[in-house]
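Visitor: Coordinates in start-v1.txt, compact mmCIF, C-alpha atoms, are listed below.
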# COMPACT_ATOMS: atom_id res chain seq x y z
CA MET A 166 69.06 170.46 195.05
CA LEU A 167 68.05 168.49 191.96
CA LYS A 168 64.45 169.64 192.42
CA ALA A 169 65.59 173.26 192.56
CA GLU A 170 67.73 172.74 189.47
CA VAL A 171 64.81 171.26 187.53
CA ALA A 172 62.64 174.18 188.62
CA GLY A 173 65.25 176.55 187.19
CA ALA A 174 66.29 178.04 190.52
CA ASP A 175 69.86 176.82 190.13
CA ALA A 176 70.44 176.27 186.46
CA GLY A 177 74.25 176.19 186.82
CA ALA A 178 74.39 173.35 189.39
CA SER A 179 74.70 170.63 186.77
CA SER A 180 77.57 172.43 185.07
CA ARG A 181 79.36 172.93 188.39
CA ARG A 182 79.02 169.23 189.25
CA ARG A 183 80.51 168.23 185.91
CA GLN A 184 83.36 170.68 186.39
CA ALA A 185 84.02 169.39 189.92
CA ALA A 186 84.04 165.82 188.61
CA ARG A 187 86.55 166.73 185.89
CA GLU A 188 88.80 168.48 188.41
CA ARG A 189 88.60 165.51 190.79
CA ALA A 190 89.48 163.10 187.97
CA ALA A 191 92.43 165.27 186.96
CA ARG A 192 93.72 165.34 190.54
CA GLU A 193 93.44 161.56 190.81
CA VAL A 194 95.33 161.08 187.54
CA ALA A 195 98.09 163.43 188.72
CA GLU A 196 98.34 161.63 192.07
CA ARG A 197 98.57 158.24 190.36
CA ALA A 198 101.23 159.56 188.00
CA MET A 199 103.35 160.82 190.92
CA LYS A 200 102.96 157.49 192.71
CA ALA A 201 103.83 155.61 189.52
CA ARG A 202 107.06 157.63 189.22
CA ASP A 203 108.01 156.72 192.79
CA VAL A 204 107.24 153.06 192.15
CA LEU A 205 109.28 153.12 188.95
CA LYS A 206 112.29 154.53 190.80
CA GLY A 207 112.03 151.66 193.28
CA LEU A 208 111.77 149.07 190.50
CA GLU A 209 114.81 150.52 188.74
CA ALA A 210 116.80 150.42 191.98
CA GLU A 211 115.70 146.82 192.55
CA ARG A 212 116.78 145.87 189.03
CA ALA A 213 120.16 147.54 189.54
CA ARG A 214 120.72 145.46 192.68
CA ARG A 215 119.71 142.23 190.93
CA LEU A 216 121.98 142.97 187.97
CA LYS A 217 124.90 142.57 190.34
CA THR A 218 123.85 139.06 191.39
CA HIS A 219 121.57 137.74 188.61
CA ARG A 220 122.82 139.65 185.57
CA GLU A 221 121.87 137.14 182.88
CA ASP A 222 118.35 136.64 184.27
CA GLU A 223 117.73 140.38 184.50
CA LYS A 224 119.02 141.05 180.98
CA LYS A 225 116.30 138.74 179.62
CA LYS A 226 113.58 140.85 181.24
CA SER A 227 112.04 144.00 179.81
CA GLU A 228 112.75 147.43 181.29
CA PRO A 229 110.87 148.18 184.54
CA SER A 230 107.52 149.91 184.14
CA ALA A 231 104.73 151.07 186.45
CA SER A 232 100.99 151.11 185.86
CA LEU A 233 99.28 154.50 185.72
CA THR A 234 95.94 152.81 186.42
CA ASP A 235 97.17 151.22 189.65
CA PRO A 236 100.75 152.17 190.59
CA GLU A 237 100.81 149.68 193.46
CA ALA A 238 100.30 146.75 191.07
CA ARG A 239 103.23 145.02 189.39
CA ARG A 240 103.49 143.87 185.80
CA MET A 241 103.33 140.06 185.90
CA ARG A 242 103.00 137.21 183.44
CA PHE A 243 99.62 135.52 183.81
CA ALA A 244 98.53 131.96 183.06
CA ASP A 245 97.31 132.98 179.59
CA GLY A 246 100.81 134.23 178.73
CA ALA A 247 99.89 137.92 178.81
CA VAL A 248 101.87 140.46 180.83
CA ARG A 249 99.75 143.00 182.68
CA ALA A 250 99.45 144.78 186.02
CA GLY A 251 98.31 142.54 188.84
CA TYR A 252 98.86 141.16 192.32
CA ASN A 253 100.07 137.82 193.64
CA ALA A 254 97.61 135.97 195.90
CA GLN A 255 99.00 133.84 198.71
CA ILE A 256 96.50 131.41 200.24
CA ALA A 257 97.21 129.23 203.28
CA ALA A 258 94.69 126.49 203.92
CA ASP A 259 93.98 123.33 205.84
CA ALA A 260 94.18 120.87 202.96
CA ARG A 261 91.90 118.21 204.43
CA ALA A 262 89.17 120.50 205.75
CA GLY A 263 89.35 122.86 202.78
CA ILE A 264 89.37 125.92 205.06
CA ILE A 265 91.36 129.05 204.20
CA VAL A 266 93.35 130.00 207.29
CA ALA A 267 95.11 133.07 205.85
CA ILE A 268 95.16 135.04 202.61
CA GLU A 269 97.52 137.81 201.56
CA MET A 270 97.88 139.86 198.40
CA THR A 271 101.39 140.97 197.48
CA ASP A 272 103.09 142.81 194.63
CA ARG A 273 105.74 140.08 194.41
CA ARG A 274 106.06 138.53 190.95
CA ASN A 275 107.26 135.21 192.37
CA ASP A 276 106.72 133.23 195.55
CA ALA A 277 110.35 132.53 196.50
CA GLY A 278 111.04 133.15 200.16
CA LEU A 279 107.50 134.17 201.15
CA ALA A 280 107.35 131.50 203.86
CA ALA A 281 110.29 132.98 205.73
CA PRO A 282 109.87 134.47 209.21
CA SER A 283 109.52 138.25 208.93
CA LEU A 284 110.33 141.17 211.16
CA PRO A 285 107.56 143.29 212.71
CA PRO A 286 105.49 145.19 211.82
CA ARG A 287 105.32 143.12 208.60
CA ARG A 288 103.69 139.73 209.15
CA ARG A 289 103.53 137.27 206.31
CA GLY A 290 103.74 133.54 205.65
CA VAL A 291 104.08 131.48 208.81
CA ASP A 292 104.29 134.60 210.98
CA ASP A 293 100.86 135.68 209.77
CA LEU A 294 99.49 132.32 210.92
CA VAL A 295 101.15 132.82 214.30
CA ARG A 296 99.57 136.28 214.55
CA ARG A 297 96.14 134.85 213.81
CA TYR A 298 96.23 131.61 215.80
CA GLY A 299 99.06 131.93 218.31
CA VAL A 300 101.01 128.92 217.03
CA PRO A 301 102.68 127.99 213.74
CA PRO A 302 101.66 124.93 211.70
CA LYS A 303 103.54 121.75 212.55
CA ARG A 304 103.80 120.88 208.85
CA LEU A 305 104.07 123.28 205.93
CA LEU A 306 103.41 121.98 202.41
CA VAL A 307 104.67 124.42 199.77
CA ASP A 308 105.96 124.54 196.21
CA THR A 309 109.62 124.24 195.32
CA ASN A 310 111.52 127.43 196.23
CA TYR A 311 108.57 128.90 198.17
CA ALA A 312 110.72 128.20 201.21
CA THR A 313 114.44 128.57 200.52
CA ALA A 314 117.07 126.56 202.35
CA ALA A 315 117.59 129.49 204.72
CA ASP A 316 113.82 129.65 205.31
CA ILE A 317 113.67 125.92 206.10
CA ALA A 318 116.43 126.30 208.67
CA ALA A 319 114.79 129.36 210.24
CA LEU A 320 111.34 127.75 210.36
CA ALA A 321 112.76 124.67 212.08
CA GLU A 322 113.84 126.99 214.92
CA HIS A 323 110.79 129.27 214.96
CA PRO A 324 110.42 130.80 218.45
CA LYS A 325 106.76 129.72 218.62
CA GLY A 326 107.51 126.12 217.68
CA PRO A 327 109.35 124.16 214.98
CA VAL A 328 107.82 123.96 211.51
CA MET A 329 108.55 120.91 209.35
CA VAL A 330 108.66 121.89 205.67
CA PHE A 331 107.56 119.56 202.89
CA ALA A 332 108.64 120.87 199.47
CA PRO A 333 110.32 119.17 196.52
CA PRO A 334 114.01 120.11 196.27
CA PRO A 335 114.91 122.15 193.18
CA ALA A 336 115.93 120.07 190.18
CA GLU A 337 119.70 119.85 189.69
CA ARG A 338 121.64 118.85 186.61
CA GLU A 339 123.58 115.62 186.87
CA ASP A 340 125.41 115.96 183.53
CA VAL A 341 127.99 118.30 185.00
CA LYS A 342 131.72 118.15 185.55
CA PRO A 343 133.10 116.13 188.50
CA VAL A 344 134.42 119.34 190.04
CA THR A 345 130.87 120.73 190.08
CA LEU A 346 129.56 117.61 191.80
CA ALA A 347 132.37 117.81 194.35
CA ARG A 348 131.60 121.47 195.05
CA ARG A 349 127.91 120.62 195.44
CA ALA A 350 128.75 117.86 197.92
CA LYS A 351 130.87 120.25 199.99
CA GLU A 352 128.06 122.79 200.05
CA ARG A 353 125.60 120.12 201.18
CA ALA A 354 127.94 119.08 203.97
CA ARG A 355 127.87 122.64 205.31
CA GLU A 356 124.06 122.87 205.29
CA PRO A 357 122.21 123.18 208.64
CA ASP A 358 120.81 119.99 210.16
CA ALA A 359 117.24 121.11 209.39
CA VAL A 360 118.02 121.43 205.66
CA ARG A 361 119.70 118.03 205.53
CA ALA A 362 116.71 116.55 207.36
CA TRP A 363 114.39 118.17 204.78
CA ARG A 364 116.32 116.64 201.88
CA ALA A 365 116.26 113.23 203.54
CA ARG A 366 112.54 113.57 204.33
CA MET A 367 111.61 114.40 200.75
CA ALA A 368 113.58 111.40 199.48
CA THR A 369 111.30 108.98 201.39
CA GLN A 370 107.92 107.60 200.37
CA ASP A 371 106.32 109.06 203.50
CA GLY A 372 107.61 112.50 202.60
CA GLU A 373 106.29 112.18 199.07
CA MET A 374 102.88 110.98 200.23
CA THR A 375 102.62 113.81 202.74
CA TYR A 376 103.45 116.38 200.07
CA ARG A 377 100.78 114.97 197.74
CA ARG A 378 98.15 116.39 200.10
CA ARG A 379 99.08 119.79 198.78
CA MET A 380 97.15 118.96 195.62
CA LEU A 381 93.98 119.41 197.66
CA ILE A 382 94.78 123.12 197.85
CA GLU A 383 94.33 123.44 194.10
CA ARG A 384 90.59 122.86 194.44
CA ILE A 385 90.45 125.97 196.64
CA ASN A 386 92.37 128.00 194.07
CA ALA A 387 90.09 126.76 191.29
CA ASP A 388 86.94 127.44 193.33
CA ARG A 389 87.97 131.04 194.02
CA LYS A 390 88.80 131.65 190.37
CA ASN A 391 85.40 130.23 189.39
CA HIS A 392 83.88 132.82 191.73
CA GLY A 393 85.66 135.77 190.13
CA PHE A 394 88.86 135.95 192.16
CA GLY A 395 90.94 136.03 188.99
CA ALA A 396 89.93 139.65 188.27
CA ILE A 397 89.63 142.15 191.14
CA LEU A 398 88.09 145.42 190.03
CA VAL A 399 89.60 147.77 192.61
CA ARG A 400 92.86 149.72 192.82
CA GLY A 401 95.49 149.63 195.53
CA LEU A 402 96.90 146.89 197.73
CA ARG A 403 94.65 147.65 200.73
CA LYS A 404 91.45 147.41 198.67
CA VAL A 405 92.67 144.30 196.87
CA GLN A 406 93.44 142.72 200.26
CA ALA A 407 89.92 143.57 201.47
CA VAL A 408 88.36 141.82 198.46
CA ALA A 409 90.61 138.80 199.04
CA LEU A 410 89.43 138.58 202.65
CA TRP A 411 85.80 138.68 201.49
CA HIS A 412 86.53 135.79 199.14
CA ALA A 413 88.14 133.82 201.97
CA LEU A 414 85.17 134.51 204.26
CA ALA A 415 82.65 133.42 201.62
CA HIS A 416 84.64 130.27 200.91
CA ASN A 417 84.91 129.35 204.59
CA LEU A 418 81.19 129.84 205.21
CA ILE A 419 80.42 127.38 202.40
CA ALA A 420 83.11 124.97 203.65
CA ALA A 421 81.76 125.15 207.21
CA HIS A 422 78.26 124.29 205.96
CA ARG A 423 79.70 121.31 204.08
CA LEU A 424 81.67 120.10 207.12
CA ARG A 425 78.63 120.40 209.42
CA ALA A 426 76.53 118.43 206.96
CA ALA A 427 79.18 115.71 206.80
CA VAL A 428 79.04 115.06 210.57
CA ALA A 429 75.29 115.48 210.99
Can you turn what I pasted into structure tokens?
Guide:
Amino acid sequence: MLKAEVAGADAGASSRRRQAARERAAREVAERAMKARDVLKGLEAERARRLKTHREDEKKKSEPSASLTDPEARRMRFADGAVRAGYNAQIAADARAGIIVAIEMTDRRNDAGLAAPSLPPRRRGVDDLVRRYGVPPKRLLVDTNYATAADIAALAEHPKGPVMVFAPPPAEREDVKPVTLARRAKERAREPDAVRAWRARMATQDGEMTYRRRMLIERINADRKNHGFGAILVRGLRKVQAVALWHALAHNLIAAHRLRAAVA
């Protein structure tokens, strides 16, 4: 076709291609705008629900907004302090071997509750590990609040096997009124056995030493960022997830080579 165009047989082909490209771009912009409106409605509904339970926290936040470039992305605060559209990467790894065992991209702005068992067809956190490997991890090392108290209790009774959570308890103020301390003690007394066991575990030296192994995960996070994982140049959650899986595969191939060399 290009040869015919150069020869003058189809002089209007170039113009038609440009016009088709403009029309396609216009359609894509319109589709993203419609999707952004739907996302914005969902964010506004979510904010309305949270205003009923976390009013002061929500009042400090800016009004919900959706990205026209990638409506599936959420506006998040990044490490450099800037707020822009992005995704939240969740990486599960064997800390000692340095192998990524699962990776998931989400539009969640925080990690709270992501370890919790989930209902099908959605599989995330520990349930994603069960889907991949048939069994859950015996020990789960996570940040504070990544697994809530309810999550810790549920994971201890996971149908595929109990999961022992290692996570620092949230900091609590001690300079409070005696009535507040008494209320806190009553609430603790009503906690499930698994949650009380978690608190006791994290108060021991063994629990602290076990949790320190989580620092080994940071080298994986740093390595992926050094290989460009901090900026993914595609749109949409499915494409972002595909790029994340490629990163995990590349990382594991390098880690496997290192592990083989270590035992050779």
Visitor: How many Å separate atom CA of Pro334 of chain A from atom CA of Arg240 of chain A?
Guide: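 Rounded to one decimal, the two atoms are 28.0 Å apart.
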Visitor: I'd like to know which of A:Leu424, A:Val194, A:Ile419, A:Ala213 is closest to Leu233 of chain A, using all atoms listed in the file.
Guide: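 Smallest separation from Leu233 of chain A among the options: A:Val194.
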Visitor: Write out as a ChimeraX atom specification the residues lying within 8 Å of segment 315-322 of chain A, counting only C-alpha atoms and excluding same-chain residues fewer than 2 positions away.
Guide: /A:278,280-282,312-313,324,326-330,357-360,363
Visitor: Record the distance separating atom CA of Ala332 of chain A and atom CA of Ala362 of chain A, expressed in Å with one decimal.
Guide: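 Straight-line distance from atom CA of Ala332 of chain A to atom CA of Ala362 of chain A works out to 12.1 Å.
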Visitor: So the first atom is atom CA of Val307 of chain A and the second is atom CA of Lys390 of chain A; what is the distance between them in Å, to one decimal place?
Guide: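 Between atom CA of Val307 of chain A and atom CA of Lys390 of chain A the gap is 19.8 Å.
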Visitor: Do you know which residues are at most 10 Å from His412 of chain A counting only C-alpha atoms, after dropping those on the same chain fewer than 2 positions away, and could you put them as number ranges by chain?
Guide: A: 265, 268, 389-390, 392-394, 406-410, 414-417
Visitor: With a distance cut-off of 12 Å and all atoms listed in the file, select the neighbouring residues of Val300 of chain A, excluding the residue or stretch itself and same-chain residues fewer than 2 positions from it, and output the selection as number ranges by chain.
Guide: A: 291-298, 302-304, 323-328
Visitor: If we count all atoms listed in the file and set the cut-off at 8 Å, which residues sit around segment 200-208 of chain A, ignoring sequence neighbours fewer than 5 positions away in its own chain? Please answer as a VMD selection string.
Guide: chain A and resid 229 to 233 235 to 237
Visitor: As number ranges by chain, please: the residues near Asn386 of chain A (cut-off 10 Å, only C-alpha atoms, same-chain neighbours under 5 positions excluded).
Guide: A: 254-256, 381, 391, 394-395
Visitor: Kindly indicate which residue among A:Phe331, A:Met241, A:Arg187, A:Tyr252 lies nearest to Gly372 of chain A, using all atoms listed in the file for the distances.
Guide: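 Of the candidates, the smallest distance to Gly372 of chain A is held by A:Phe331.
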Visitor: Kindly indicate which residue among A:Arg384, A:Arg338, A:Ala250, A:Arg289 lies nearest to Asp272 of chain A, using only C-alpha atoms for the distances.
Guide: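 Smallest separation from Asp272 of chain A among the options: A:Ala250.
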Visitor: Of the candidates A:Glu269, A:Ala347, A:Gly246, A:Ala314, which one gets nearest to Pro335 of chain A if we count all atoms listed in the file?
Guide: A:Ala314
Visitor: Complete the atom set of segment 362-384 of chain A to N, CA and C atoms and return it as a PDB file, keeping the file's coordinate frame.
Guide:
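Saved file rebuild.pdb follows:
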ATOM      1  N   ALA A 362     117.859 117.372 206.986  1.00  0.00           N
ATOM      2  CA  ALA A 362     116.710 116.550 207.360  1.00  0.00           C
ATOM      3  C   ALA A 362     115.583 116.714 206.334  1.00  0.00           C
ATOM      4  N   TRP A 363     115.412 117.938 205.822  1.00  0.00           N
ATOM      5  CA  TRP A 363     114.390 118.170 204.780  1.00  0.00           C
ATOM      6  C   TRP A 363     114.704 117.374 203.525  1.00  0.00           C
ATOM      7  N   ARG A 364     115.948 117.392 203.082  1.00  0.00           N
ATOM      8  CA  ARG A 364     116.320 116.640 201.880  1.00  0.00           C
ATOM      9  C   ARG A 364     116.080 115.145 202.089  1.00  0.00           C
ATOM     10  N   ALA A 365     116.462 114.639 203.255  1.00  0.00           N
ATOM     11  CA  ALA A 365     116.260 113.230 203.540  1.00  0.00           C
ATOM     12  C   ALA A 365     114.772 112.887 203.610  1.00  0.00           C
ATOM     13  N   ARG A 366     113.983 113.776 204.196  1.00  0.00           N
ATOM     14  CA  ARG A 366     112.540 113.570 204.330  1.00  0.00           C
ATOM     15  C   ARG A 366     111.859 113.485 202.970  1.00  0.00           C
ATOM     16  N   MET A 367     112.246 114.369 202.065  1.00  0.00           N
ATOM     17  CA  MET A 367     111.610 114.400 200.750  1.00  0.00           C
ATOM     18  C   MET A 367     112.069 113.259 199.853  1.00  0.00           C
ATOM     19  N   ALA A 368     113.112 112.548 200.265  1.00  0.00           N
ATOM     20  CA  ALA A 368     113.580 111.400 199.480  1.00  0.00           C
ATOM     21  C   ALA A 368     112.868 110.112 199.890  1.00  0.00           C
ATOM     22  N   THR A 369     112.009 110.168 200.917  1.00  0.00           N
ATOM     23  CA  THR A 369     111.300 108.980 201.390  1.00  0.00           C
ATOM     24  C   THR A 369     109.893 108.926 200.813  1.00  0.00           C
ATOM     25  N   GLN A 370     109.292 107.749 200.851  1.00  0.00           N
ATOM     26  CA  GLN A 370     107.920 107.600 200.370  1.00  0.00           C
ATOM     27  C   GLN A 370     106.949 108.348 201.271  1.00  0.00           C
ATOM     28  N   ASP A 371     107.199 108.327 202.580  1.00  0.00           N
ATOM     29  CA  ASP A 371     106.320 109.060 203.500  1.00  0.00           C
ATOM     30  C   ASP A 371     106.329 110.555 203.206  1.00  0.00           C
ATOM     31  N   GLY A 372     107.516 111.084 202.923  1.00  0.00           N
ATOM     32  CA  GLY A 372     107.610 112.500 202.600  1.00  0.00           C
ATOM     33  C   GLY A 372     106.872 112.832 201.318  1.00  0.00           C
ATOM     34  N   GLU A 373     106.991 111.956 200.333  1.00  0.00           N
ATOM     35  CA  GLU A 373     106.290 112.180 199.070  1.00  0.00           C
ATOM     36  C   GLU A 373     104.782 112.099 199.243  1.00  0.00           C
ATOM     37  N   MET A 374     104.314 111.131 200.014  1.00  0.00           N
ATOM     38  CA  MET A 374     102.880 110.980 200.230  1.00  0.00           C
ATOM     39  C   MET A 374     102.306 112.161 201.008  1.00  0.00           C
ATOM     40  N   THR A 375     103.065 112.637 201.989  1.00  0.00           N
ATOM     41  CA  THR A 375     102.620 113.810 202.740  1.00  0.00           C
ATOM     42  C   THR A 375     102.492 115.021 201.819  1.00  0.00           C
ATOM     43  N   TYR A 376     103.477 115.206 200.962  1.00  0.00           N
ATOM     44  CA  TYR A 376     103.450 116.380 200.070  1.00  0.00           C
ATOM     45  C   TYR A 376     102.291 116.297 199.084  1.00  0.00           C
ATOM     46  N   ARG A 377     101.876 115.112 198.713  1.00  0.00           N
ATOM     47  CA  ARG A 377     100.780 114.970 197.740  1.00  0.00           C
ATOM     48  C   ARG A 377      99.485 115.602 198.243  1.00  0.00           C
ATOM     49  N   ARG A 378      99.362 115.755 199.554  1.00  0.00           N
ATOM     50  CA  ARG A 378      98.150 116.390 200.100  1.00  0.00           C
ATOM     51  C   ARG A 378      98.025 117.838 199.639  1.00  0.00           C
ATOM     52  N   ARG A 379      99.149 118.404 199.227  1.00  0.00           N
ATOM     53  CA  ARG A 379      99.080 119.790 198.780  1.00  0.00           C
ATOM     54  C   ARG A 379      98.187 119.945 197.551  1.00  0.00           C
ATOM     55  N   MET A 380      98.008 118.881 196.795  1.00  0.00           N
ATOM     56  CA  MET A 380      97.150 118.960 195.620  1.00  0.00           C
ATOM     57  C   MET A 380      95.713 119.345 195.984  1.00  0.00           C
ATOM     58  N   LEU A 381      95.328 119.056 197.232  1.00  0.00           N
ATOM     59  CA  LEU A 381      93.980 119.410 197.660  1.00  0.00           C
ATOM     60  C   LEU A 381      93.774 120.923 197.693  1.00  0.00           C
ATOM     61  N   ILE A 382      94.886 121.660 197.823  1.00  0.00           N
ATOM     62  CA  ILE A 382      94.780 123.120 197.850  1.00  0.00           C
ATOM     63  C   ILE A 382      94.330 123.651 196.493  1.00  0.00           C
ATOM     64  N   GLU A 383      94.665 122.939 195.431  1.00  0.00           N
ATOM     65  CA  GLU A 383      94.330 123.440 194.100  1.00  0.00           C
ATOM     66  C   GLU A 383      92.821 123.560 193.896  1.00  0.00           C
ATOM     67  N   ARG A 384      92.047 122.738 194.588  1.00  0.00           N
ATOM     68  CA  ARG A 384      90.590 122.860 194.440  1.00  0.00           C
ATOM     69  C   ARG A 384      90.107 124.186 195.030  1.00  0.00           C
TER      70      ARG A 384
END
